[in-house]
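Participant: Before I ask anything, let me first share the structure, which is written out below as structure tokens.
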Amino acid sequence: MRGAVFLGNRKIEIRDFPDPTPGPGEVVIRMKASGMCGSDLKFYRPPPGEAQKALGLGGNAEPFIAGHEPCGEVAARGAGVSEREAPIGQRVMDHHYAGCGVCKHCRVGWSQLCRAGITVYGVTAHGGHAEYLKVPVRTLVPLPEELSFAEGAAVACGTGTAYAALRRMNLAGGSTLAVFGQGPVGISATLIGAKMGARVIAVESNAERLALAKQYGADAVVDASKEDAEKALKELTRGEGVDLALDCTGVAAARLAAVRSARTWGTVCFVGEGGEVTLDVSRDMLRKQLTLVGSWTFSAMGMGECARFVADNRIPLERIFTHRWKLDQADEAYRLFDQQSSGKGVIEF
């Protein structure tokens with residue numbers, strides 16, 4: 001089979017790999033769609049070996065096939081995997097983490113929290129930017145018939161992350177929600193938050209992404225390249241501040257603005273990876289009775305719940321894809337995605 005690997009310094013190569021054979025407890029997925037996520041850029045941009053070193057793999061480690069938003073069909077089962085668990089041809093997404101399988105976190109679907117260590121498909125093991133993907137059967141999540149494979153790929157990380165964050169924030173209809181950043185996660189939060197009944201205000205510095213946010217349900221937009229986001233959000237809420245603020249950027253300035261634009265008794269959630277932020281704890285949190293939470297992706301059950309929510313509410317998730325690519329176009333796809341000015345991209349098979 002062929003698969004796309006990140007070589008460092010913004011270079012991608014399509015390489016030949018042996019077709020995977022499932023071992024005990026494993027399945028092979030015939031890939032149909034593999035989403036492109038902002039987290040990919042952490043492995044696409046650095047010099048060769050730097051990303052591997054950061055993961056403790058050693059700078060000379062061979063790169064893994066990229067792609068941690070896999071969606072496809074069950075193609076083969078290994079020993080001990082029953083027809084009931086994974087029927088051949090079943091449409092599935094993959095919860096792209098595998099832990100020990102027996103600890104308290106793994107048992108409730110939060111395998112990424114496993115203290116024994118985790119495998120992350122597309123990062124520390126071969127991922128979905130290939131014709132086939134081998135994973136433990138316990139990581140499979142059924143894809144509702146109403147959803148396309150591309151929509152399943154979105155739920156498998158970016159959209160699922162947005163949904164889980166909104167649930168953690170206890171979003172209720174009638175709330176005002178500010179979403180900082182309108183990349184793949186942020187645009188999903190805008191779309192889903194509006195469907196949940198929130199008044200959504202999108203904050204972004206890229207004109208193209210602001211235009212997309214308007215199309216996908218934002219009641220108002222704030223161009224952070226031209227105006228002070230905190231001030232603008234206060235003006236849009238009659239000086240009160242927003243009920244909920246979700247930062248999808250990981251940028252210190254956006255995180256600080258999210259905290260300071262939230263009203264008294266408000267809730268702020270950080271989902272953007274990396275970076276730091278400095279807060280005046282008394283001013284920004286204690287004297288506002290602020291709730292500040294972090295949300296890291298989702299559980300396997302939460303992923304299924306998100307897919308069902310999208311299907312049952314007929315959310316047009318296909319609309320977040322502005323670009324669709326073939327595997328041979330992976331280099332071109334990531335050169336465009338690296339500009340962070342478009343909507344979501346997906347590699348389709």
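Please note that chains go A, B, ... in the order of the structure tokens, that every chain numbers its residues from 1, and that ligands are numbered from 1 in the order shown.
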If we count only C-alpha atoms and set the cut-off at 10 Å, which residues sit around Met301 in chain A, ignoring sequence neighbours fewer than 4 positions away in its own chain? Please answer as a short mmCIF file (atom, residue, chain, number, x, y, z; two decimals) with N, CA and C atoms, in the first residue's frame.
Facilitator:
data_model
loop_
_atom_site.label_atom_id
_atom_site.label_comp_id
_atom_site.auth_asym_id
_atom_site.auth_seq_id
_atom_site.Cartn_x
_atom_site.Cartn_y
_atom_site.Cartn_z
N HIS A 95 -11.24 5.83 17.03
CA HIS A 95 -10.79 6.64 18.15
C HIS A 95 -9.28 6.43 18.21
N VAL A 108 -13.43 3.31 30.36
CA VAL A 108 -14.56 4.20 30.08
C VAL A 108 -14.35 4.99 28.79
N GLY A 109 -13.42 4.52 27.95
CA GLY A 109 -13.25 5.12 26.64
C GLY A 109 -12.30 6.28 26.55
N TRP A 110 -11.62 6.60 27.67
CA TRP A 110 -10.66 7.72 27.67
C TRP A 110 -9.24 7.16 27.61
N VAL A 141 -15.37 2.91 16.22
CA VAL A 141 -16.64 3.55 16.55
C VAL A 141 -17.50 3.51 15.29
N GLU A 305 -21.31 9.69 20.29
CA GLU A 305 -22.38 10.62 20.64
C GLU A 305 -22.38 11.82 19.71
N CYS A 306 -21.17 12.33 19.40
CA CYS A 306 -21.05 13.47 18.48
C CYS A 306 -21.59 13.09 17.10
N ALA A 307 -21.20 11.92 16.60
CA ALA A 307 -21.67 11.49 15.28
C ALA A 307 -23.18 11.38 15.25
#
Participant: List every residue of range 94-206 of chain A that has an atom at most 6 Å from any atom of range 29-35 of chain A, giving for each one its closest atom pair and the distance in Å to one decimal, counting only C-alpha atoms, sorted by chain and then by ascending residue number, as a Markdown table.
Facilitator:
| residue | atom | partner | partner_atom | distance |
| --- | --- | --- | --- | --- |
| A:Gly128 | CA | A:Ser34 | CA | 5.6 |
| A:His129 | CA | A:Ser34 | CA | 5.9 |
| A:Glu131 | CA | A:Met31 | CA | 5.4 |
| A:Tyr132 | CA | A:Arg30 | CA | 4.8 |
| A:Leu133 | CA | A:Ile29 | CA | 5.1 |
| A:Phe149 | CA | A:Ala33 | CA | 5.6 |
| A:Ala150 | CA | A:Ala33 | CA | 5.3 |
| A:Ala153 | CA | A:Gly35 | CA | 5.3 |
Participant: Excluding Val135 in chain A and its own-chain neighbours fewer than 2 positions away, which residues fall within 12 Å of it when counting only C-alpha atoms? Please give them as a PyMOL selection string.
Facilitator: chain A and resi 20-30+68+70-71+74-78+81+86+92-99+119-122+125-128+132-133+137-141
Participant: Please measure the separation of CA of Gln90 in chain A and CA of Leu143 in chain A, giving the value in Å to one decimal.
Facilitator: 8.4 Å
Participant: Do you know which residues are at most 9 Å from range 317-319 of chain A counting only C-alpha atoms, after dropping those on the same chain fewer than 6 positions away, and could you put them as a ChimeraX atom specification?
Facilitator: /A:147-148,150-151,154,159,188,191,216,310
Participant: Suppose we keep N, CA and C atoms; can you now write the selection as a compact mmCIF listing (two decimals), in the first residue's frame?
Facilitator:
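Done, and the output landed in out-v8.txt:
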# COMPACT_ATOMS: atom_id res chain seq x y z
N LEU A 147 -24.19 9.67 7.72
CA LEU A 147 -23.00 10.50 7.54
C LEU A 147 -22.09 9.95 6.45
N SER A 148 -21.45 10.84 5.73
CA SER A 148 -20.47 10.44 4.72
C SER A 148 -19.17 10.06 5.41
N ALA A 150 -16.31 11.40 4.78
CA ALA A 150 -15.62 12.66 5.10
C ALA A 150 -16.14 13.24 6.41
N GLU A 151 -17.45 13.19 6.61
CA GLU A 151 -18.02 13.69 7.87
C GLU A 151 -17.54 12.84 9.04
N ALA A 154 -14.14 13.97 10.03
CA ALA A 154 -14.19 15.22 10.82
C ALA A 154 -14.53 14.93 12.27
N THR A 159 -14.11 17.89 14.74
CA THR A 159 -15.50 18.15 15.12
C THR A 159 -15.83 17.50 16.45
N SER A 188 -16.14 24.02 13.46
CA SER A 188 -17.07 22.99 13.94
C SER A 188 -17.82 23.48 15.17
N LEU A 191 -20.52 25.90 14.06
CA LEU A 191 -21.63 25.18 13.44
C LEU A 191 -22.48 24.44 14.46
N TYR A 216 -21.61 29.58 8.32
CA TYR A 216 -21.86 28.37 9.10
C TYR A 216 -22.57 28.61 10.42
N VAL A 310 -24.74 14.91 15.16
CA VAL A 310 -24.65 15.49 13.81
C VAL A 310 -25.71 14.87 12.90
Participant: Restricting the calculation to only C-alpha atoms: of A:Arg91, A:Arg260, A:Arg45, A:Arg167, which residue gets closest to Met196 in chain A?
Facilitator: A:Arg167
Participant: Mind giving me the straight-line distance from CA of Phe6 in chain A to CA of Val346 in chain A in Å, one decimal?
Facilitator: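 Atom-to-atom, CA of Phe6 in chain A and CA of Val346 in chain A are spaced 16.1 Å apart.
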Participant: From the options A:Gly275, A:Glu85, A:Tyr44, A:Gly239, which residue's atoms come nearest to Val251 in chain A, counting only C-alpha atoms?
Facilitator: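 Of the candidates, the smallest distance to Val251 in chain A is held by A:Gly275.
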Participant: Could you check which of A:Ile192, A:Leu233, A:Ala252, A:Val293 is closest to Leu279 in chain A, using only C-alpha atoms?
Facilitator: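 That would be A:Ala252, the residue with the smallest distance to Leu279 in chain A.
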Participant: Compare A:Val281, A:Pro184, A:Lys234, A:Asn313 by their minimum atom-to-atom distance to Thr249 in chain A, counting only C-alpha atoms, and give me the closest one.
Facilitator: A:Pro184
Participant: Counting only C-alpha atoms, figure out which residue out of A:Cys114, A:Cys100, A:Ala130, A:Leu336 gets nearest to Arg15 in chain A.
Facilitator: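 Smallest separation from Arg15 in chain A among the options: A:Ala130.
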